[in-house]
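Peer 1: What follows is structure-v8.cif, mmCIF, C-alpha atoms and all ligand atoms.
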data_protein
#
loop_
_atom_site.label_atom_id
_atom_site.label_comp_id
_atom_site.auth_asym_id
_atom_site.auth_seq_id
_atom_site.Cartn_x
_atom_site.Cartn_y
_atom_site.Cartn_z
CA MET L 1 2.43 14.56 -5.30
CA PRO L 2 1.57 11.02 -4.24
CA ARG L 3 -1.44 9.92 -2.29
CA VAL L 4 -0.13 8.43 0.94
CA GLY L 5 -1.92 6.71 3.77
CA VAL L 6 -1.46 6.97 7.51
CA LEU L 7 -2.65 3.85 9.31
CA ALA L 8 -5.29 5.36 11.58
CA LEU L 9 -6.18 2.61 14.04
CA GLN L 10 -4.38 4.15 17.05
CA GLY L 11 -1.42 6.42 17.74
CA ASP L 12 -0.08 9.80 16.63
CA VAL L 13 -1.86 9.79 13.29
CA ARG L 14 -2.46 13.54 13.11
CA GLU L 15 1.21 14.44 13.64
CA HIS L 16 2.23 12.31 10.64
CA ALA L 17 -0.63 13.63 8.53
CA ARG L 18 0.49 17.18 9.33
CA VAL L 19 4.12 16.60 8.27
CA LEU L 20 3.14 14.77 5.09
CA THR L 21 0.59 17.44 4.14
CA ALA L 22 3.19 20.16 4.72
CA LEU L 23 5.50 18.30 2.33
CA GLY L 24 2.76 18.41 -0.31
CA ALA L 25 1.45 14.84 -0.10
CA ASP L 26 -2.20 14.00 -0.50
CA VAL L 27 -2.89 12.25 2.83
CA VAL L 28 -5.64 9.74 3.54
CA LEU L 29 -6.33 8.06 6.85
CA VAL L 30 -6.45 4.30 6.36
CA ARG L 31 -8.71 2.06 8.43
CA ARG L 32 -10.11 -0.43 5.96
CA PRO L 33 -8.42 -2.96 3.67
CA GLU L 34 -9.93 -1.52 0.48
CA GLU L 35 -8.34 1.85 1.27
CA LEU L 36 -4.89 0.33 0.73
CA ALA L 37 -5.53 0.08 -3.01
CA ALA L 38 -5.71 3.86 -3.37
CA ILE L 39 -2.36 4.76 -1.78
CA SER L 40 1.21 4.60 -2.99
CA GLY L 41 2.83 4.60 0.46
CA LEU L 42 1.83 4.01 4.08
CA VAL L 43 2.97 5.44 7.41
CA ILE L 44 2.50 3.37 10.55
CA PRO L 45 2.47 5.83 13.46
CA GLY L 46 3.80 5.69 16.98
CA GLY L 47 1.41 4.59 19.68
CA GLU L 48 1.04 1.17 21.22
CA SER L 49 2.06 -1.63 18.91
CA SER L 50 0.05 -4.33 20.69
CA VAL L 51 -3.13 -2.25 20.31
CA ILE L 52 -2.48 -1.44 16.65
CA ASP L 53 -1.80 -5.16 16.06
CA LYS L 54 -5.03 -6.16 17.79
CA LEU L 55 -7.12 -3.59 15.91
CA ALA L 56 -5.49 -4.46 12.58
CA ARG L 57 -6.47 -8.08 13.08
CA ALA L 58 -10.01 -7.15 14.24
CA PHE L 59 -10.51 -4.93 11.16
CA GLY L 60 -9.15 -7.53 8.74
CA MET L 61 -6.14 -5.31 7.97
CA GLN L 62 -3.28 -7.59 8.99
CA GLN L 63 -3.06 -9.79 5.90
CA PRO L 64 -3.80 -6.99 3.41
CA ILE L 65 -1.00 -4.89 4.95
CA ARG L 66 1.36 -7.89 4.88
CA ASP L 67 0.47 -8.44 1.23
CA ALA L 68 1.00 -4.76 0.42
CA ILE L 69 4.43 -4.81 2.08
CA SER L 70 5.53 -7.92 0.24
CA GLY L 71 4.12 -6.39 -2.95
CA GLY L 72 6.59 -3.49 -2.55
CA LEU L 73 4.48 -0.74 -0.97
CA PRO L 74 6.79 1.90 0.56
CA VAL L 75 6.16 1.99 4.32
CA TYR L 76 7.58 4.18 7.07
CA GLY L 77 7.08 3.14 10.69
CA THR L 78 7.94 5.24 13.75
CA CYS L 79 8.34 3.68 17.19
CA ALA L 80 5.29 1.37 17.48
CA GLY L 81 5.31 1.47 13.66
CA LEU L 82 8.90 0.18 13.65
CA ILE L 83 7.85 -2.64 15.97
CA LEU L 84 5.02 -3.55 13.59
CA LEU L 85 7.43 -3.62 10.64
CA ALA L 86 9.90 -5.92 12.40
CA ASP L 87 10.02 -9.56 11.37
CA ARG L 88 10.77 -10.50 14.99
CA ILE L 89 10.02 -9.01 18.42
CA THR L 90 11.52 -10.26 21.67
CA ASP L 91 8.77 -9.38 24.10
CA GLY L 92 5.35 -8.98 22.56
CA ILE L 93 2.31 -8.83 24.82
CA ARG L 94 0.20 -12.03 24.82
CA GLY L 95 0.61 -13.34 21.31
CA GLN L 96 1.40 -9.96 19.79
CA GLU L 97 2.11 -10.20 16.06
CA THR L 98 3.68 -7.86 13.53
CA PHE L 99 3.17 -7.15 9.85
CA GLY L 100 6.87 -7.76 9.28
CA GLY L 101 9.00 -6.82 6.30
CA LEU L 102 12.14 -5.58 8.05
CA ASP L 103 14.72 -8.29 8.69
CA VAL L 104 15.30 -7.15 12.27
CA THR L 105 14.54 -8.18 15.84
CA VAL L 106 13.09 -5.41 17.99
CA GLN L 107 12.88 -5.15 21.76
CA ARG L 108 9.91 -3.11 22.97
CA ASN L 109 10.27 -0.47 25.72
CA ALA L 110 14.00 -1.08 25.54
CA PHE L 111 15.19 1.91 27.50
CA GLY L 112 13.72 1.00 30.89
CA SER L 113 11.16 2.70 33.05
CA GLN L 114 13.40 5.36 34.58
CA VAL L 115 14.25 6.75 31.16
CA ASP L 116 10.85 6.34 29.54
CA SER L 117 11.47 9.30 27.30
CA PHE L 118 14.56 11.17 26.21
CA GLU L 119 15.86 13.35 23.43
CA THR L 120 19.23 13.29 21.73
CA ASP L 121 20.99 14.41 18.58
CA LEU L 122 21.71 11.63 16.14
CA THR L 123 23.87 11.22 13.10
CA VAL L 124 21.87 9.61 10.30
CA GLU L 125 23.31 8.04 7.16
CA GLY L 126 22.70 10.40 4.26
CA PHE L 127 21.83 13.49 6.35
CA ASP L 128 24.17 16.52 6.25
CA THR L 129 23.42 17.50 9.85
CA THR L 130 22.31 15.65 12.96
CA THR L 131 18.65 15.13 13.76
CA HIS L 132 17.06 15.95 17.11
CA ALA L 133 15.36 12.68 18.01
CA THR L 134 12.55 12.20 20.54
CA PHE L 135 12.28 8.72 22.09
CA ILE L 136 9.05 7.86 23.94
CA ARG L 137 8.91 4.39 25.55
CA ALA L 138 10.95 3.49 22.53
CA PRO L 139 12.04 0.17 21.14
CA ARG L 140 15.54 -0.65 19.98
CA VAL L 141 16.66 -2.94 17.22
CA VAL L 142 18.64 -5.72 18.90
CA GLU L 143 19.51 -7.69 15.78
CA VAL L 144 19.87 -6.50 12.19
CA GLY L 145 19.58 -9.33 9.67
CA PRO L 146 21.48 -9.35 6.39
CA ALA L 147 18.64 -7.81 4.37
CA ALA L 148 18.33 -4.67 6.53
CA ARG L 149 20.71 -1.73 6.93
CA THR L 150 21.37 0.36 10.01
CA ILE L 151 21.16 4.11 9.33
CA ALA L 152 21.38 5.49 12.88
CA THR L 153 22.68 4.36 16.25
CA LEU L 154 22.88 5.90 19.71
CA ASP L 155 26.32 6.55 21.24
CA ASP L 156 26.14 3.18 23.02
CA GLY L 157 25.65 1.41 19.69
CA ALA L 158 21.89 0.82 20.01
CA VAL L 159 20.37 0.63 16.54
CA VAL L 160 17.49 3.12 16.25
CA ALA L 161 16.86 3.54 12.51
CA VAL L 162 16.92 1.01 9.69
CA ARG L 163 16.13 0.75 6.00
CA GLN L 164 15.40 -2.19 3.80
CA GLY L 165 14.33 -1.63 0.21
CA ARG L 166 11.20 0.51 0.35
CA LEU L 167 10.82 0.15 4.11
CA LEU L 168 12.05 2.65 6.69
CA GLY L 169 11.78 2.37 10.46
CA THR L 170 12.80 4.73 13.26
CA ALA L 171 12.57 4.06 17.00
CA PHE L 172 12.02 7.79 17.55
CA HIS L 173 9.39 10.31 16.43
CA PRO L 174 10.49 12.86 13.80
CA GLU L 175 6.82 13.81 13.41
CA VAL L 176 6.83 15.48 16.85
CA SER L 177 10.14 17.32 16.60
CA GLY L 178 9.78 19.32 13.40
CA GLU L 179 12.14 17.01 11.50
CA THR L 180 10.90 16.37 7.98
CA ARG L 181 13.81 14.53 6.37
CA PHE L 182 12.60 11.02 7.21
CA HIS L 183 9.21 11.74 5.66
CA GLU L 184 10.99 13.23 2.64
CA LEU L 185 13.02 10.02 2.36
CA PHE L 186 9.76 8.05 2.48
CA LEU L 187 8.22 10.25 -0.23
CA ASP L 188 11.40 9.90 -2.34
CA THR L 189 11.09 6.13 -2.06
CA ILE L 190 7.57 6.41 -3.46
CA GLY L 191 8.81 8.64 -6.28
CA ALA L 192 11.45 6.07 -7.17
CA ALA L 193 9.10 3.07 -6.85
N1 LIG L 201 6.12 1.20 23.70
C1 LIG L 201 5.25 1.31 22.57
C2 LIG L 201 4.96 -0.05 21.97
O1 LIG L 201 5.41 -1.04 22.44
C3 LIG L 201 5.81 2.22 21.51
C4 LIG L 201 5.85 3.64 22.01
C5 LIG L 201 5.72 4.67 20.93
O2 LIG L 201 5.26 4.41 19.81
N2 LIG L 201 6.05 5.87 21.29
O3 LIG L 201 4.25 -0.11 21.00
#
Kindly present the structure from the file in structure tokens form.
Peer 2:
Amino acid sequence: MPRVGVLALQGDVREHARVLTALGADVVLVRRPEELAAISGLVIPGGESSVIDKLARAFGMQQPIRDAISGGLPVYGTCAGLILLADRITDGIRGQETFGGLDVTVQRNAFGSQVDSFETDLTVEGFDTTTHATFIRAPRVVEVGPAARTIATLDDGAVVAVRQGRLLGTAFHPEVSGETRFHELFLDTIGAA
């Protein structure tokens, strides 16, 4: 099984590590640039994207992660992780940057304050059955560029999961709802890389 990293600067690192370990992956928590060389895939957790961005820059991780993504490293981002994988964000906090890689525009906290969090069942391209998705102060993808592909939408058409090559992003948190298929997809991408 592959050695995979979970970016461990902030966010729900342990939940991802637990799912990946249960699927048989060898999981390492990544905080330093040199640790990227030892992994064959990276998960960017949910949390607060502006904080992860700030810490990544402070720890000299931003450019190495950008280089790894453009070099073809499989990466899965959930929620804040999706925001960090987006090429464009509409409403970053004070100069917030992303690693980029997904040809999408993402709006942070897109579901308003009165519905901070919600759960719903989603149809996902390639899945036999729906997934129970947990959204927590979630973003939505407001524009999907030609290089990216939508794999799940809410009933109102909001795009909440996308793929592009070896990159996968979901606005929701499979790692907290017992759903393993997105992590399996990520591990399959590594196997095929
Ligand atoms: N609202 C958070 C952000 O902007 C994301 C929330 C989450 O990861 N659950 O980064």
Peer 1: How would you report the residues lying within 9 Å of ligand LIG 201 (chain L), as a ChimeraX atom specification, if you count only C-alpha atoms and all ligand atoms?
Peer 2: /L:11-12,45-52,78-84,92-93,107-110,117,135-139,171-173
Peer 1: In file coordinates, which residues lie within 12 Å of (-6.8, -0.7, 6.9) using all atoms listed in the file, given as a PyMOL selection string?
Peer 2: chain L and resi 5-10+28-39+42-44+52-53+55-66+68
Peer 1: Take the residues from that selection and write them out as an mmCIF file, in the frame of the given file, keeping C-alpha atoms.
Peer 2:
data_model
loop_
_atom_site.group_PDB
_atom_site.id
_atom_site.type_symbol
_atom_site.label_atom_id
_atom_site.label_comp_id
_atom_site.auth_asym_id
_atom_site.auth_seq_id
_atom_site.Cartn_x
_atom_site.Cartn_y
_atom_site.Cartn_z
ATOM 1 C CA GLY L 5 -1.920 6.710 3.770
ATOM 2 C CA VAL L 6 -1.460 6.970 7.510
ATOM 3 C CA LEU L 7 -2.650 3.850 9.310
ATOM 4 C CA ALA L 8 -5.290 5.360 11.580
ATOM 5 C CA LEU L 9 -6.180 2.610 14.040
ATOM 6 C CA GLN L 10 -4.380 4.150 17.050
ATOM 7 C CA VAL L 28 -5.640 9.740 3.540
ATOM 8 C CA LEU L 29 -6.330 8.060 6.850
ATOM 9 C CA VAL L 30 -6.450 4.300 6.360
ATOM 10 C CA ARG L 31 -8.710 2.060 8.430
ATOM 11 C CA ARG L 32 -10.110 -0.430 5.960
ATOM 12 C CA PRO L 33 -8.420 -2.960 3.670
ATOM 13 C CA GLU L 34 -9.930 -1.520 0.480
ATOM 14 C CA GLU L 35 -8.340 1.850 1.270
ATOM 15 C CA LEU L 36 -4.890 0.330 0.730
ATOM 16 C CA ALA L 37 -5.530 0.080 -3.010
ATOM 17 C CA ALA L 38 -5.710 3.860 -3.370
ATOM 18 C CA ILE L 39 -2.360 4.760 -1.780
ATOM 19 C CA LEU L 42 1.830 4.010 4.080
ATOM 20 C CA VAL L 43 2.970 5.440 7.410
ATOM 21 C CA ILE L 44 2.500 3.370 10.550
ATOM 22 C CA ILE L 52 -2.480 -1.440 16.650
ATOM 23 C CA ASP L 53 -1.800 -5.160 16.060
ATOM 24 C CA LEU L 55 -7.120 -3.590 15.910
ATOM 25 C CA ALA L 56 -5.490 -4.460 12.580
ATOM 26 C CA ARG L 57 -6.470 -8.080 13.080
ATOM 27 C CA ALA L 58 -10.010 -7.150 14.240
ATOM 28 C CA PHE L 59 -10.510 -4.930 11.160
ATOM 29 C CA GLY L 60 -9.150 -7.530 8.740
ATOM 30 C CA MET L 61 -6.140 -5.310 7.970
ATOM 31 C CA GLN L 62 -3.280 -7.590 8.990
ATOM 32 C CA GLN L 63 -3.060 -9.790 5.900
ATOM 33 C CA PRO L 64 -3.800 -6.990 3.410
ATOM 34 C CA ILE L 65 -1.000 -4.890 4.950
ATOM 35 C CA ARG L 66 1.360 -7.890 4.880
ATOM 36 C CA ALA L 68 1.000 -4.760 0.420
#
Peer 1: Please indicate the distance in Å from CA of Glu179 in chain L to CA of Leu122 in chain L, rounded to one decimal place.
Peer 2: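 Computing it gives 11.9 Å between the two atoms.
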Peer 1: Kindly give the distance, in Å, that separates CA of Leu168 in chain L and CA of Ile151 in chain L, rounded to a single decimal.
Peer 2: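 Distance between the two atoms: 9.6 Å.
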Peer 1: Given all atoms listed in the file as the basis, pick out the residue of L:Ala25, L:Phe111, L:Gly41, L:Asp116 nearest to Asp156 in chain L.
Peer 2: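 When distances to Asp156 in chain L are compared using all atoms listed in the file, the smallest one comes from L:Phe111.
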Peer 1: Smallest atom-to-atom distance to Ser40 in chain L: which of L:Lys54, L:Val19, L:Val142, L:Leu73, using only C-alpha atoms?
Peer 2: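 Using only C-alpha atoms, Ser40 in chain L sits closest to L:Leu73.
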Peer 1: Which residue gives the smallest distance to Arg88 in chain L among L:Gly145, L:Pro2, L:Gly24, L:Gly112, with only C-alpha atoms counted?
Peer 2: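 Smallest distance to Arg88 in chain L is found for L:Gly145.
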Peer 1: For CA of Phe186 in chain L and CA of Leu154 in chain L, determine how far apart the two atoms are, in Å to one decimal place.
Peer 2: 21.8 Å
Peer 1: Calculate, to one decimal in Å, the centre and edge lengths of the box along x, y and z of the file that holds all listed atoms of range 153-171 of chain L with 8 Å of margin on each side, and present them as lines of an AutoDock Vina configuration file.
Peer 2:
center_x = 18.6
center_y = 2.2
center_z = 11.6
size_x = 31.5
size_y = 24.7
size_z = 38.8
Peer 1: Counting all atoms listed in the file, figure out which residue out of L:Gly95, L:Gly77, L:Gly100, L:Gly72 gets nearest to Pro174 in chain L.
Peer 2: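 Result for the nearest residue to Pro174 in chain L: L:Gly77.
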Peer 1: For range 125-130 of chain L, work out the shell of residues within 12 Å, counting all atoms listed in the file and skipping chain neighbours fewer than 6 positions away, then give it as a PyMOL selection string.
Peer 2: chain L and resi 149-154+160-163+179-182+184-185
Peer 1: For Gly71 in chain L, which residue out of L:Gly191, L:Gly178, L:Pro146, L:Gly165 is the nearest one, using only C-alpha atoms?
Peer 2: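 Counting only C-alpha atoms, the residue closest to Gly71 in chain L is L:Gly165.
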Peer 1: Neighbouring residues of Asp87 in chain L were defined as those with any atom within 10 Å, considering all atoms listed in the file; residues of the same chain fewer than 4 positions away were excluded. Please report them as a ChimeraX atom specification.
Peer 2: /L:83,97-106,145
Peer 1: Out of L:Ala148, L:Leu167, L:Val176, L:Val159, which residue has the shortest atom-to-atom distance to His132 in chain L when counting only C-alpha atoms?
Peer 2: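 Closest residue, counting only C-alpha atoms: L:Val176.
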